Amino acid sequence: MNRTDPAGGARATPGREVLISGAGVAGPALAFWLNRYGFTVTVIEKAAALRAGGYPVDVRGTALEVVRRMGILPRLRDAHIEQRRLTFVDGDGDKIASVDPYALTGGVAGRDLEVRRGDLTEALHTAVRDDVEFLLDDSIDTLEQSGRGVDITFRGGGVRTFDVVIGADGLHSRTRELLFGPEERFHRYLGHCFAGFTLPNTFGLSHETVVWNTPGRGAALYAVGDDHDAHALLTFAHPQPPPDVFRDPQARRDLVAGAFADTGWEVPRLIAALRDADDLFFDQVSQIRMPRWSNGRVALVGDAAYAPSFLTGQGTSLALVGAYMLAGSLADRGHATGFAAYEHHTREFVTLNQDQIGEGGSTLLPTTAQALERRNDMLRRLSAAPSGEGRAAHSALVLPAFTSRGREL
């Protein structure tokens, strides 16, 4: 029920009315499970429409069991993108090595999923849209807790009270800011910035990715199929986060272009395309590390609580697993004990996956000539290696089989 009238629909069960802020991955997944356990759920999303298409995301390890239990695994299998080749080139565009993508990412061929982000969000939304309330083009303006619940004022002007509020609103979470304070307290900057955008696939790419590097700079071109579009990702080392450019779109473009001045290969074409891109996404390579994920009747899930950075490839999987664990932990508990159980049983899994950055960050984004040569030697060895059995961290959590009363079977 994608209704905008909060008076329509069934009355909420006392103590079980939940607001979820964010309709990306964690939000709809959490809504699905909370609805399954008898909660009355509202999802609010600041965008006017759910995003279609988009860059590929990975679903691996424990997260595969989450989507299987949701009943959407067959649909995601149909949407799976099979990246067949990952080629690395040097500063002049000469080939260094071609590797099995799974061998580099720690994925498992034939088991793990790579899908367009929009295909995943559409599958999640379809699974829950008839059972929960979605409020699009709106967001939380103020949040105030009391003994009877959480009073919410919406930017659109509405005022409502919920028993529990969950922030699933991403790396730059508004809910986290209202609850815990400025992002800087929890933001771990990893020394790089990146820009992603779509451009015409005039490079002859199909089901493959090409990665170019010089010390401190990298460019990736990837095509998820035989479509007319390709995706570009530009990364560059930057000693401190550049906060000023986030307020000025032109400054963001200038910063990226300046970082890639006097480069070769296809990079000048990418910079020209970046200037005209209407879907440019710019951000810092970073993580969110928090000592706790809840305060009173409000909790966080997914990137809002524990963004691992795109270098781990685990952001989507952590969002899906976190949503499952949070809902199950609340199923027959009050908010205080439920939030405590969620964190107790999920934090180790989250930390293991966030710590993967120590294994792969310098490999993917070498900042010195020596580090780049070590990376290239590793790639040459890896080019002859088959894909493995996956990284232990990806499957480190065995999902409890929560019942509707929150007990394990």
# chains A, B, ... in the order shown; residues from 1 in each chain; ligands from 1
call {"tool": "select_by_dssp", "arguments": {"residues": "segment 137-234 of chain A", "states": "strand (DSSP E)", "output": "NGL selection string"}}
result
:A and (140-146 or 149-154 or 159-162 or 164-167 or 187-200 or 208-214 or 217-223 or 229-234)
call {"tool": "residues_around", "arguments": {"residues": "Leu318 of chain A", "least_positions_apart": "2", "cutoff": "12 Å", "atoms": "only C-alpha atoms", "output": "CSV table (one decimal) with all heavy atoms, in the first residue's frame"}}
result
chain,number,residue,atom,x,y,z
A,25,VAL,N,18.3,-0.5,0.1
A,25,VAL,CA,18.4,-1.9,0.3
A,25,VAL,C,18.0,-2.3,1.7
A,25,VAL,O,17.1,-3.1,1.9
A,25,VAL,CB,19.8,-2.4,0.0
A,25,VAL,CG1,20.0,-3.9,0.3
A,25,VAL,CG2,20.1,-2.2,-1.5
A,26,ALA,N,18.6,-1.8,2.7
A,26,ALA,CA,18.3,-2.1,4.1
A,26,ALA,C,16.9,-1.8,4.5
A,26,ALA,O,16.3,-2.6,5.2
A,26,ALA,CB,19.3,-1.4,5.1
A,29,ALA,N,14.2,-4.3,3.0
A,29,ALA,CA,14.5,-5.7,3.5
A,29,ALA,C,14.0,-5.7,5.0
A,29,ALA,O,13.4,-6.7,5.4
A,29,ALA,CB,16.0,-6.0,3.4
A,57,VAL,N,25.9,-4.3,-7.8
A,57,VAL,CA,26.2,-4.6,-6.4
A,57,VAL,C,26.3,-6.1,-6.2
A,57,VAL,O,25.7,-6.9,-7.0
A,57,VAL,CB,25.1,-4.0,-5.5
A,57,VAL,CG1,25.1,-2.5,-5.6
A,57,VAL,CG2,23.7,-4.6,-5.8
A,58,ASP,N,27.0,-6.5,-5.2
A,58,ASP,CA,27.2,-7.9,-4.9
A,58,ASP,C,26.4,-8.4,-3.8
A,58,ASP,O,26.2,-7.7,-2.8
A,58,ASP,CB,28.7,-8.2,-4.6
A,58,ASP,CG,29.6,-7.8,-5.8
A,58,ASP,OD1,29.5,-8.4,-6.8
A,58,ASP,OD2,30.4,-6.9,-5.6
A,59,VAL,N,25.9,-9.7,-3.9
A,59,VAL,CA,25.2,-10.3,-2.8
A,59,VAL,C,25.9,-11.7,-2.6
A,59,VAL,O,26.0,-12.5,-3.5
A,59,VAL,CB,23.7,-10.6,-3.1
A,59,VAL,CG1,23.0,-11.3,-1.9
A,59,VAL,CG2,23.0,-9.3,-3.4
A,60,ARG,N,26.6,-11.8,-1.4
A,60,ARG,CA,27.5,-12.9,-1.2
A,60,ARG,C,27.3,-13.5,0.2
A,60,ARG,O,26.7,-12.9,1.1
A,60,ARG,CB,29.0,-12.5,-1.2
A,60,ARG,CG,29.4,-11.8,-2.5
A,60,ARG,CD,31.0,-11.6,-2.3
A,60,ARG,NE,31.5,-10.8,-3.5
A,60,ARG,CZ,32.0,-9.6,-3.3
A,60,ARG,NH1,32.1,-9.0,-2.1
A,60,ARG,NH2,32.5,-9.0,-4.4
A,61,GLY,N,27.8,-14.7,0.3
A,61,GLY,CA,27.9,-15.4,1.6
A,61,GLY,C,26.5,-15.4,2.4
A,61,GLY,O,25.5,-15.9,1.8
A,62,THR,N,26.5,-15.0,3.6
A,62,THR,CA,25.3,-15.1,4.4
A,62,THR,C,24.1,-14.3,3.8
A,62,THR,O,23.0,-14.7,4.0
A,62,THR,CB,25.6,-14.5,5.8
A,62,THR,OG1,26.7,-15.2,6.4
A,62,THR,CG2,24.5,-14.6,6.7
A,63,ALA,N,24.4,-13.3,3.1
A,63,ALA,CA,23.3,-12.5,2.5
A,63,ALA,C,22.5,-13.3,1.5
A,63,ALA,O,21.3,-13.1,1.2
A,63,ALA,CB,23.9,-11.2,1.8
A,64,LEU,N,23.2,-14.3,0.8
A,64,LEU,CA,22.4,-15.1,-0.1
A,64,LEU,C,21.3,-15.9,0.6
A,64,LEU,O,20.2,-16.1,0.1
A,64,LEU,CB,23.4,-16.1,-0.8
A,64,LEU,CG,24.4,-15.5,-1.8
A,64,LEU,CD1,25.4,-16.5,-2.2
A,64,LEU,CD2,23.6,-15.1,-3.0
A,66,VAL,N,19.7,-14.8,3.2
A,66,VAL,CA,18.7,-13.8,3.5
A,66,VAL,C,17.7,-13.7,2.3
A,66,VAL,O,16.5,-13.8,2.5
A,66,VAL,CB,19.3,-12.5,3.8
A,66,VAL,CG1,18.1,-11.4,4.0
A,66,VAL,CG2,20.1,-12.5,5.1
A,168,ALA,N,17.8,3.8,8.0
A,168,ALA,CA,18.4,3.0,7.0
A,168,ALA,C,18.7,3.9,5.8
A,168,ALA,O,18.5,3.5,4.6
A,168,ALA,CB,17.4,1.9,6.5
A,301,VAL,N,20.7,0.8,10.7
A,301,VAL,CA,21.0,-0.5,10.1
A,301,VAL,C,21.7,-0.2,8.7
A,301,VAL,O,21.5,0.9,8.1
A,301,VAL,CB,19.7,-1.3,9.9
A,301,VAL,CG1,18.8,-0.6,8.9
A,301,VAL,CG2,20.0,-2.7,9.4
A,302,GLY,N,22.5,-1.1,8.2
A,302,GLY,CA,23.2,-0.9,6.9
A,302,GLY,C,24.2,0.2,7.0
A,302,GLY,O,24.9,0.4,8.0
A,303,ASP,N,24.4,0.9,5.9
A,303,ASP,CA,25.5,1.9,5.8
A,303,ASP,C,25.3,3.0,6.9
A,303,ASP,O,26.3,3.6,7.3
A,303,ASP,CB,25.5,2.6,4.4
A,303,ASP,CG,26.2,1.7,3.3
A,303,ASP,OD1,26.7,0.7,3.7
A,303,ASP,OD2,26.2,2.2,2.2
A,304,ALA,N,24.1,3.3,7.3
A,304,ALA,CA,24.0,4.3,8.3
A,304,ALA,C,24.7,4.0,9.6
A,304,ALA,O,25.2,4.8,10.3
A,304,ALA,CB,22.5,4.5,8.6
A,305,ALA,N,24.8,2.7,9.9
A,305,ALA,CA,25.5,2.2,11.1
A,305,ALA,C,26.9,1.7,10.9
A,305,ALA,O,27.8,1.9,11.7
A,305,ALA,CB,24.6,1.1,11.8
A,306,TYR,N,27.1,1.1,9.7
A,306,TYR,CA,28.4,0.4,9.5
A,306,TYR,C,28.8,0.2,8.1
A,306,TYR,O,29.1,-0.8,7.6
A,306,TYR,CB,28.4,-1.0,10.2
A,306,TYR,CG,27.0,-1.7,10.1
A,306,TYR,CD1,26.6,-2.4,9.0
A,306,TYR,CD2,26.2,-1.8,11.2
A,306,TYR,CE1,25.4,-3.0,8.9
A,306,TYR,CE2,25.0,-2.4,11.2
A,306,TYR,CZ,24.6,-3.1,10.1
A,306,TYR,OH,23.4,-3.7,10.0
A,307,ALA,N,28.8,1.4,7.3
A,307,ALA,CA,29.2,1.3,6.0
A,307,ALA,C,30.6,0.8,5.9
A,307,ALA,O,31.5,1.3,6.6
A,307,ALA,CB,29.2,2.8,5.4
A,308,PRO,N,30.9,-0.2,5.0
A,308,PRO,CA,32.2,-0.8,5.0
A,308,PRO,C,33.1,-0.2,3.9
A,308,PRO,O,34.3,-0.6,3.9
A,308,PRO,CB,31.9,-2.3,4.7
A,308,PRO,CG,30.7,-2.2,3.8
A,308,PRO,CD,29.9,-1.0,4.3
A,309,SER,N,32.6,0.6,3.0
A,309,SER,CA,33.2,1.2,1.9
A,309,SER,C,33.1,0.2,0.7
A,309,SER,O,33.1,-1.0,0.8
A,309,SER,CB,34.7,1.6,2.1
A,309,SER,OG,35.6,0.6,1.6
A,310,PHE,N,33.1,0.8,-0.5
A,310,PHE,CA,33.0,0.0,-1.7
A,310,PHE,C,34.2,-0.9,-2.0
A,310,PHE,O,34.1,-1.9,-2.7
A,310,PHE,CB,32.7,0.9,-3.0
A,310,PHE,CG,33.9,1.6,-3.5
A,310,PHE,CD1,34.7,0.9,-4.4
A,310,PHE,CD2,34.1,2.9,-3.2
A,310,PHE,CE1,35.8,1.6,-4.9
A,310,PHE,CE2,35.2,3.6,-3.7
A,310,PHE,CZ,36.1,2.9,-4.6
A,312,THR,N,35.4,-3.1,0.0
A,312,THR,CA,35.1,-4.4,0.5
A,312,THR,C,34.1,-5.2,-0.4
A,312,THR,O,34.1,-6.4,-0.3
A,312,THR,CB,34.5,-4.3,1.9
A,312,THR,OG1,33.2,-3.8,1.9
A,312,THR,CG2,35.4,-3.5,2.8
A,313,GLY,N,33.3,-4.5,-1.2
A,313,GLY,CA,32.2,-5.1,-1.9
A,313,GLY,C,31.2,-5.7,-1.1
A,313,GLY,O,30.4,-6.5,-1.5
A,314,GLN,N,31.1,-5.3,0.2
A,314,GLN,CA,30.2,-6.0,1.2
A,314,GLN,C,29.1,-5.1,1.7
A,314,GLN,O,28.3,-5.5,2.6
A,314,GLN,CB,31.0,-6.5,2.3
A,314,GLN,CG,31.7,-7.8,2.0
A,314,GLN,CD,30.7,-9.0,1.8
A,314,GLN,OE1,30.3,-9.2,0.6
A,314,GLN,NE2,30.3,-9.6,2.8
A,315,GLY,N,28.9,-3.9,1.2
A,315,GLY,CA,27.9,-3.0,1.7
A,315,GLY,C,26.5,-3.5,1.6
A,315,GLY,O,25.7,-3.5,2.5
A,316,THR,N,26.2,-4.0,0.4
A,316,THR,CA,24.8,-4.6,0.2
A,316,THR,C,24.6,-5.8,1.0
A,316,THR,O,23.5,-6.0,1.6
A,316,THR,CB,24.7,-4.9,-1.3
A,316,THR,OG1,24.8,-3.7,-2.1
A,316,THR,CG2,23.3,-5.5,-1.6
A,320,LEU,N,21.6,-6.3,4.0
A,320,LEU,CA,20.6,-7.4,3.9
A,320,LEU,C,20.7,-8.2,5.2
A,320,LEU,O,19.7,-8.6,5.8
A,320,LEU,CB,20.8,-8.3,2.7
A,320,LEU,CG,20.5,-7.7,1.4
A,320,LEU,CD1,21.1,-8.5,0.2
A,320,LEU,CD2,19.0,-7.5,1.2
A,321,VAL,N,21.9,-8.6,5.6
A,321,VAL,CA,22.0,-9.4,6.8
A,321,VAL,C,21.6,-8.6,8.1
A,321,VAL,O,20.9,-9.1,9.0
A,321,VAL,CB,23.5,-9.9,7.0
A,321,VAL,CG1,23.7,-10.6,8.3
A,321,VAL,CG2,23.8,-10.9,5.8
A,322,GLY,N,22.1,-7.3,8.1
A,322,GLY,CA,21.7,-6.5,9.3
A,322,GLY,C,20.2,-6.3,9.4
A,322,GLY,O,19.7,-6.4,10.5
A,323,ALA,N,19.5,-6.1,8.3
A,323,ALA,CA,18.0,-6.0,8.3
A,323,ALA,C,17.4,-7.3,8.9
A,323,ALA,O,16.5,-7.2,9.7
A,323,ALA,CB,17.5,-5.7,6.9
A,324,TYR,N,17.9,-8.4,8.4
A,324,TYR,CA,17.3,-9.7,8.9
A,324,TYR,C,17.5,-9.8,10.4
A,324,TYR,O,16.6,-10.2,11.2
A,324,TYR,CB,18.0,-10.9,8.2
A,324,TYR,CG,17.5,-12.2,8.6
A,324,TYR,CD1,16.4,-12.9,8.0
A,324,TYR,CD2,18.2,-12.9,9.7
A,324,TYR,CE1,16.0,-14.1,8.4
A,324,TYR,CE2,17.8,-14.1,10.1
A,324,TYR,CZ,16.7,-14.7,9.5
A,324,TYR,OH,16.2,-16.0,9.9
A,325,MET,N,18.7,-9.6,10.9
A,325,MET,CA,19.1,-9.7,12.3
A,325,MET,C,18.3,-8.7,13.2
A,325,MET,O,17.9,-9.1,14.3
A,325,MET,CB,20.6,-9.6,12.5
A,325,MET,CG,21.4,-10.7,11.8
A,325,MET,SD,21.0,-12.4,12.4
A,325,MET,CE,21.6,-12.2,14.1
A,326,LEU,N,18.2,-7.5,12.7
A,326,LEU,CA,17.5,-6.5,13.5
A,326,LEU,C,16.0,-6.9,13.7
A,326,LEU,O,15.4,-6.8,14.8
A,326,LEU,CB,17.6,-5.1,12.8
A,326,LEU,CG,16.8,-4.0,13.5
A,326,LEU,CD1,17.1,-3.8,14.9
A,326,LEU,CD2,17.1,-2.7,12.7
A,346,THR,N,25.4,-9.4,15.8
A,346,THR,CA,25.7,-9.0,14.4
A,346,THR,C,27.0,-8.3,14.3
A,346,THR,O,27.7,-8.2,13.3
A,346,THR,CB,24.6,-8.0,13.9
A,346,THR,OG1,23.3,-8.6,14.1
A,346,THR,CG2,24.7,-7.8,12.4
A,347,ARG,N,27.5,-7.7,15.4
A,347,ARG,CA,28.7,-6.8,15.3
A,347,ARG,C,29.9,-7.5,14.9
A,347,ARG,O,30.7,-7.0,14.1
A,347,ARG,CB,28.9,-6.1,16.7
A,347,ARG,CG,30.1,-5.1,16.6
A,347,ARG,CD,30.3,-4.4,17.9
A,347,ARG,NE,29.4,-3.3,18.0
A,347,ARG,CZ,29.5,-2.1,17.5
A,347,ARG,NH1,30.6,-1.8,16.7
A,347,ARG,NH2,28.7,-1.1,17.7
A,348,GLU,N,30.2,-8.7,15.3
A,348,GLU,CA,31.4,-9.4,15.0
A,348,GLU,C,31.4,-9.7,13.4
A,348,GLU,O,32.5,-9.5,12.8
A,348,GLU,CB,31.5,-10.8,15.7
A,348,GLU,CG,32.8,-11.5,15.3
A,348,GLU,CD,32.9,-12.8,16.1
A,348,GLU,OE1,32.0,-13.2,16.9
A,348,GLU,OE2,33.9,-13.5,15.9
A,349,PHE,N,30.3,-10.0,12.9
A,349,PHE,CA,30.2,-10.2,11.4
A,349,PHE,C,30.5,-8.9,10.7
A,349,PHE,O,31.2,-8.9,9.7
A,349,PHE,CB,28.8,-10.7,11.1
A,349,PHE,CG,28.5,-10.9,9.6
A,349,PHE,CD1,29.2,-11.9,8.9
A,349,PHE,CD2,27.6,-10.1,9.0
A,349,PHE,CE1,28.9,-12.1,7.5
A,349,PHE,CE2,27.4,-10.2,7.6
A,349,PHE,CZ,28.0,-11.2,6.9
A,350,VAL,N,29.9,-7.8,11.2
A,350,VAL,CA,30.1,-6.5,10.5
A,350,VAL,C,31.6,-6.2,10.6
A,350,VAL,O,32.2,-5.7,9.6
A,350,VAL,CB,29.3,-5.5,11.2
A,350,VAL,CG1,29.8,-4.1,10.9
A,350,VAL,CG2,27.8,-5.6,10.9
A,351,THR,N,32.2,-6.3,11.8
A,351,THR,CA,33.6,-5.9,12.0
A,351,THR,C,34.6,-6.8,11.1
A,351,THR,O,35.5,-6.2,10.5
A,351,THR,CB,34.0,-6.1,13.4
A,351,THR,OG1,33.2,-5.3,14.2
A,351,THR,CG2,35.5,-5.6,13.7
A,352,LEU,N,34.3,-8.1,11.0
A,352,LEU,CA,35.1,-8.9,10.1
A,352,LEU,C,35.1,-8.4,8.7
A,352,LEU,O,36.1,-8.4,8.0
A,352,LEU,CB,34.6,-10.4,10.2
A,352,LEU,CG,35.0,-11.2,11.4
A,352,LEU,CD1,34.2,-12.5,11.4
A,352,LEU,CD2,36.5,-11.5,11.4
A,353,ASN,N,33.9,-8.0,8.2
A,353,ASN,CA,33.8,-7.5,6.8
A,353,ASN,C,34.4,-6.1,6.6
A,353,ASN,O,35.0,-5.8,5.6
A,353,ASN,CB,32.4,-7.6,6.4
A,353,ASN,CG,32.0,-9.1,6.0
A,353,ASN,OD1,32.3,-9.5,4.9
A,353,ASN,ND2,31.4,-9.8,7.0
A,354,GLN,N,34.2,-5.3,7.6
A,354,GLN,CA,34.8,-4.0,7.5
A,354,GLN,C,36.3,-4.1,7.5
A,354,GLN,O,37.0,-3.3,6.8
A,354,GLN,CB,34.4,-3.1,8.7
A,354,GLN,CG,32.9,-2.6,8.6
A,354,GLN,CD,32.6,-1.5,9.6
A,354,GLN,OE1,33.0,-1.7,10.8
A,354,GLN,NE2,32.0,-0.5,9.3
A,393,ALA,N,35.0,-14.3,5.9
A,393,ALA,CA,34.2,-13.2,6.4
A,393,ALA,C,32.9,-13.1,5.8
A,393,ALA,O,31.9,-12.7,6.5
A,393,ALA,CB,35.0,-11.9,6.3
A,394,HIS,N,32.8,-13.4,4.5
A,394,HIS,CA,31.5,-13.2,3.8
A,394,HIS,C,30.4,-14.2,4.4
A,394,HIS,O,29.2,-13.8,4.3
A,394,HIS,CB,31.7,-13.5,2.3
A,394,HIS,CG,32.6,-12.6,1.6
A,394,HIS,ND1,33.0,-12.8,0.3
A,394,HIS,CD2,33.2,-11.4,2.0
A,394,HIS,CE1,33.8,-11.8,0.0
A,394,HIS,NE2,33.9,-11.0,1.0
A,395,SER,N,30.8,-15.3,4.9
A,395,SER,CA,29.8,-16.3,5.4
A,395,SER,C,30.0,-16.5,6.9
A,395,SER,O,29.6,-17.6,7.4
A,395,SER,CB,30.0,-17.6,4.7
A,395,SER,OG,29.8,-17.4,3.3
A,396,ALA,N,30.6,-15.6,7.6
A,396,ALA,CA,31.0,-15.8,9.0
A,396,ALA,C,29.8,-15.9,10.0
A,396,ALA,O,29.9,-16.4,11.1
A,396,ALA,CB,31.9,-14.7,9.5
A,397,LEU,N,28.6,-15.4,9.6
A,397,LEU,CA,27.5,-15.5,10.4
A,397,LEU,C,26.5,-16.5,9.9
A,397,LEU,O,26.1,-16.5,8.7
A,397,LEU,CB,26.8,-14.1,10.4
A,397,LEU,CG,25.5,-14.0,11.2
A,397,LEU,CD1,25.7,-14.3,12.7
A,397,LEU,CD2,24.8,-12.6,11.0
call {"tool": "closest_atom_pairs", "arguments": {"of": "segment 110-194 of chain A", "to": "segment 279-297 of chain A", "cutoff": "9 Å", "atoms": "only C-alpha atoms", "output": "tab-separated table"}}
result
residue	atom	partner	partner_atom	distance
A:Gln145	CA	A:Arg297	CA	7.2
A:Ser146	CA	A:Arg297	CA	8.8
A:Gly149	CA	A:Arg297	CA	7.2
A:Val150	CA	A:Arg297	CA	7.0
A:Asp163	CA	A:Arg297	CA	7.1
A:Val164	CA	A:Arg297	CA	5.1
A:Val165	CA	A:Arg297	CA	6.5
A:Ile166	CA	A:Arg297	CA	8.5
A:Leu171	CA	A:Ile288	CA	7.1
A:Leu179	CA	A:Asn295	CA	7.2
A:Phe180	CA	A:Asn295	CA	8.1
A:Glu183	CA	A:Ile288	CA	8.5
A:Arg185	CA	A:Met290	CA	8.4
A:Phe186	CA	A:Arg289	CA	5.3
A:His187	CA	A:Ile288	CA	4.9
A:Arg188	CA	A:Gln287	CA	5.1
A:Tyr189	CA	A:Ser286	CA	4.5
A:Leu190	CA	A:Ser286	CA	5.2
A:Gly191	CA	A:Val285	CA	6.9
A:His192	CA	A:Val285	CA	5.3
A:Cys193	CA	A:Gln284	CA	4.2
A:Phe194	CA	A:Asp283	CA	5.7
call {"tool": "residues_around", "arguments": {"residues": "segment 79-92 of chain A", "least_positions_apart": "6", "cutoff": "8 Å", "atoms": "only C-alpha atoms", "output": "list of chain:residue names"}}
result
A:Ser98, A:Val99, A:Asp100, A:Pro101, A:Leu113, A:Glu114, A:Val115, A:Arg116, A:Asp119, A:His207, A:Glu208, A:Thr209, A:Val210, A:Val211, A:Trp212, A:Asn213, A:Thr214, A:Val224, A:Gly225, A:Thr263, A:Gly264, A:Trp265
call {"tool": "write_last_selection", "arguments": {"atoms": "N, CA and C atoms", "output": "PDB file, in the first residue's frame"}}
result
ATOM      1  N   SER A  98      44.896 -10.221 -17.072  1.00  0.00           N
ATOM      2  CA  SER A  98      43.455 -10.453 -17.004  1.00  0.00           C
ATOM      3  C   SER A  98      43.211 -11.523 -15.958  1.00  0.00           C
ATOM      4  N   VAL A  99      42.290 -11.255 -15.050  1.00  0.00           N
ATOM      5  CA  VAL A  99      42.051 -12.185 -13.949  1.00  0.00           C
ATOM      6  C   VAL A  99      40.575 -12.540 -13.877  1.00  0.00           C
ATOM      7  N   ASP A 100      40.306 -13.682 -13.270  1.00  0.00           N
ATOM      8  CA  ASP A 100      38.934 -14.069 -12.954  1.00  0.00           C
ATOM      9  C   ASP A 100      38.404 -13.087 -11.905  1.00  0.00           C
ATOM     10  N   PRO A 101      37.309 -12.409 -12.185  1.00  0.00           N
ATOM     11  CA  PRO A 101      36.815 -11.435 -11.205  1.00  0.00           C
ATOM     12  C   PRO A 101      36.611 -12.027  -9.816  1.00  0.00           C
ATOM     13  N   LEU A 113      26.029 -13.500  -6.304  1.00  0.00           N
ATOM     14  CA  LEU A 113      25.240 -12.716  -7.238  1.00  0.00           C
ATOM     15  C   LEU A 113      25.852 -11.337  -7.459  1.00  0.00           C
ATOM     16  N   GLU A 114      25.783 -10.874  -8.683  1.00  0.00           N
ATOM     17  CA  GLU A 114      26.075  -9.483  -9.017  1.00  0.00           C
ATOM     18  C   GLU A 114      24.912  -8.992  -9.861  1.00  0.00           C
ATOM     19  N   VAL A 115      24.209  -7.978  -9.373  1.00  0.00           N
ATOM     20  CA  VAL A 115      23.021  -7.471 -10.060  1.00  0.00           C
ATOM     21  C   VAL A 115      23.067  -5.949 -10.070  1.00  0.00           C
ATOM     22  N   ARG A 116      22.349  -5.359 -11.023  1.00  0.00           N
ATOM     23  CA  ARG A 116      22.200  -3.911 -10.990  1.00  0.00           C
ATOM     24  C   ARG A 116      21.483  -3.530  -9.702  1.00  0.00           C
ATOM     25  N   ASP A 119      17.781  -3.421  -9.938  1.00  0.00           N
ATOM     26  CA  ASP A 119      17.101  -4.719  -9.977  1.00  0.00           C
ATOM     27  C   ASP A 119      16.905  -5.271  -8.571  1.00  0.00           C
ATOM     28  N   HIS A 207      30.265  -7.340 -20.661  1.00  0.00           N
ATOM     29  CA  HIS A 207      30.414  -8.221 -19.496  1.00  0.00           C
ATOM     30  C   HIS A 207      31.850  -8.206 -18.959  1.00  0.00           C
ATOM     31  N   GLU A 208      32.428  -7.039 -18.880  1.00  0.00           N
ATOM     32  CA  GLU A 208      33.829  -6.984 -18.462  1.00  0.00           C
ATOM     33  C   GLU A 208      34.160  -5.630 -17.866  1.00  0.00           C
ATOM     34  N   THR A 209      35.307  -5.600 -17.185  1.00  0.00           N
ATOM     35  CA  THR A 209      35.814  -4.376 -16.567  1.00  0.00           C
ATOM     36  C   THR A 209      37.283  -4.205 -16.941  1.00  0.00           C
ATOM     37  N   VAL A 210      37.667  -2.966 -17.229  1.00  0.00           N
ATOM     38  CA  VAL A 210      39.065  -2.629 -17.487  1.00  0.00           C
ATOM     39  C   VAL A 210      39.479  -1.591 -16.445  1.00  0.00           C
ATOM     40  N   VAL A 211      40.612  -1.852 -15.792  1.00  0.00           N
ATOM     41  CA  VAL A 211      41.089  -0.976 -14.717  1.00  0.00           C
ATOM     42  C   VAL A 211      42.454  -0.420 -15.095  1.00  0.00           C
ATOM     43  N   TRP A 212      42.590   0.899 -15.002  1.00  0.00           N
ATOM     44  CA  TRP A 212      43.838   1.620 -15.282  1.00  0.00           C
ATOM     45  C   TRP A 212      44.341   2.222 -13.988  1.00  0.00           C
ATOM     46  N   ASN A 213      45.649   2.184 -13.763  1.00  0.00           N
ATOM     47  CA  ASN A 213      46.211   2.792 -12.559  1.00  0.00           C
ATOM     48  C   ASN A 213      47.537   3.479 -12.842  1.00  0.00           C
ATOM     49  N   THR A 214      47.755   4.589 -12.180  1.00  0.00           N
ATOM     50  CA  THR A 214      49.078   5.134 -11.916  1.00  0.00           C
ATOM     51  C   THR A 214      49.096   5.376 -10.403  1.00  0.00           C
ATOM     52  N   VAL A 224      28.033  -3.953 -17.910  1.00  0.00           N
ATOM     53  CA  VAL A 224      27.388  -5.074 -17.229  1.00  0.00           C
ATOM     54  C   VAL A 224      26.709  -6.025 -18.198  1.00  0.00           C
ATOM     55  N   GLY A 225      26.640  -5.654 -19.453  1.00  0.00           N
ATOM     56  CA  GLY A 225      26.031  -6.524 -20.451  1.00  0.00           C
ATOM     57  C   GLY A 225      26.410  -6.041 -21.836  1.00  0.00           C
ATOM     58  N   THR A 263      47.014  12.778 -17.997  1.00  0.00           N
ATOM     59  CA  THR A 263      47.009  11.317 -17.961  1.00  0.00           C
ATOM     60  C   THR A 263      46.714  10.766 -19.346  1.00  0.00           C
ATOM     61  N   GLY A 264      46.959   9.462 -19.492  1.00  0.00           N
ATOM     62  CA  GLY A 264      46.787   8.829 -20.793  1.00  0.00           C
ATOM     63  C   GLY A 264      45.626   7.863 -20.822  1.00  0.00           C
ATOM     64  N   TRP A 265      45.797   6.832 -21.672  1.00  0.00           N
ATOM     65  CA  TRP A 265      44.774   5.814 -21.915  1.00  0.00           C
ATOM     66  C   TRP A 265      43.470   6.505 -22.312  1.00  0.00           C
TER      67      TRP A 265
END
call {"tool": "residues_around", "arguments": {"residues": "Gly218 of chain A", "least_positions_apart": "6", "cutoff": "9 Å", "atoms": "only C-alpha atoms", "output": "count of residues only"}}
result
9
call {"tool": "residues_around", "arguments": {"residues": "Gly24 of chain A", "least_positions_apart": "3", "cutoff": "8 Å", "atoms": "only C-alpha atoms", "output": "list in words"}}
result
Gly27, Pro28, Leu50, Thr121, Ala168 and Asp169 of chain A
call {"tool": "select_by_dssp", "arguments": {"residues": "segment 214-379 of chain A", "states": "alpha helix (DSSP H)", "output": "ChimeraX atom specification"}}
result
/A:249-259,267-276,303-306,315-330,335-354,357-364,369-379
call {"tool": "atom_distance", "arguments": {"atom1": "atom CA of Val132 of chain A", "atom2": "atom CA of Asn35 of chain A"}}
result
7.3 Å
call {"tool": "residues_around", "arguments": {"residues": "Arg374 of chain A", "least_positions_apart": "6", "cutoff": "12 Å", "atoms": "only C-alpha atoms", "output": "NGL selection string"}}
result
:A and (215 or 362-368 or 380-381)
call {"tool": "atom_distance", "arguments": {"atom1": "atom CA of Ala223 of chain A", "atom2": "atom CA of Arg275 of chain A"}}
result
20.1 Å
call {"tool": "atom_distance", "arguments": {"atom1": "atom CA of Phe260 of chain A", "atom2": "atom CA of His172 of chain A"}}
result
26.4 Å
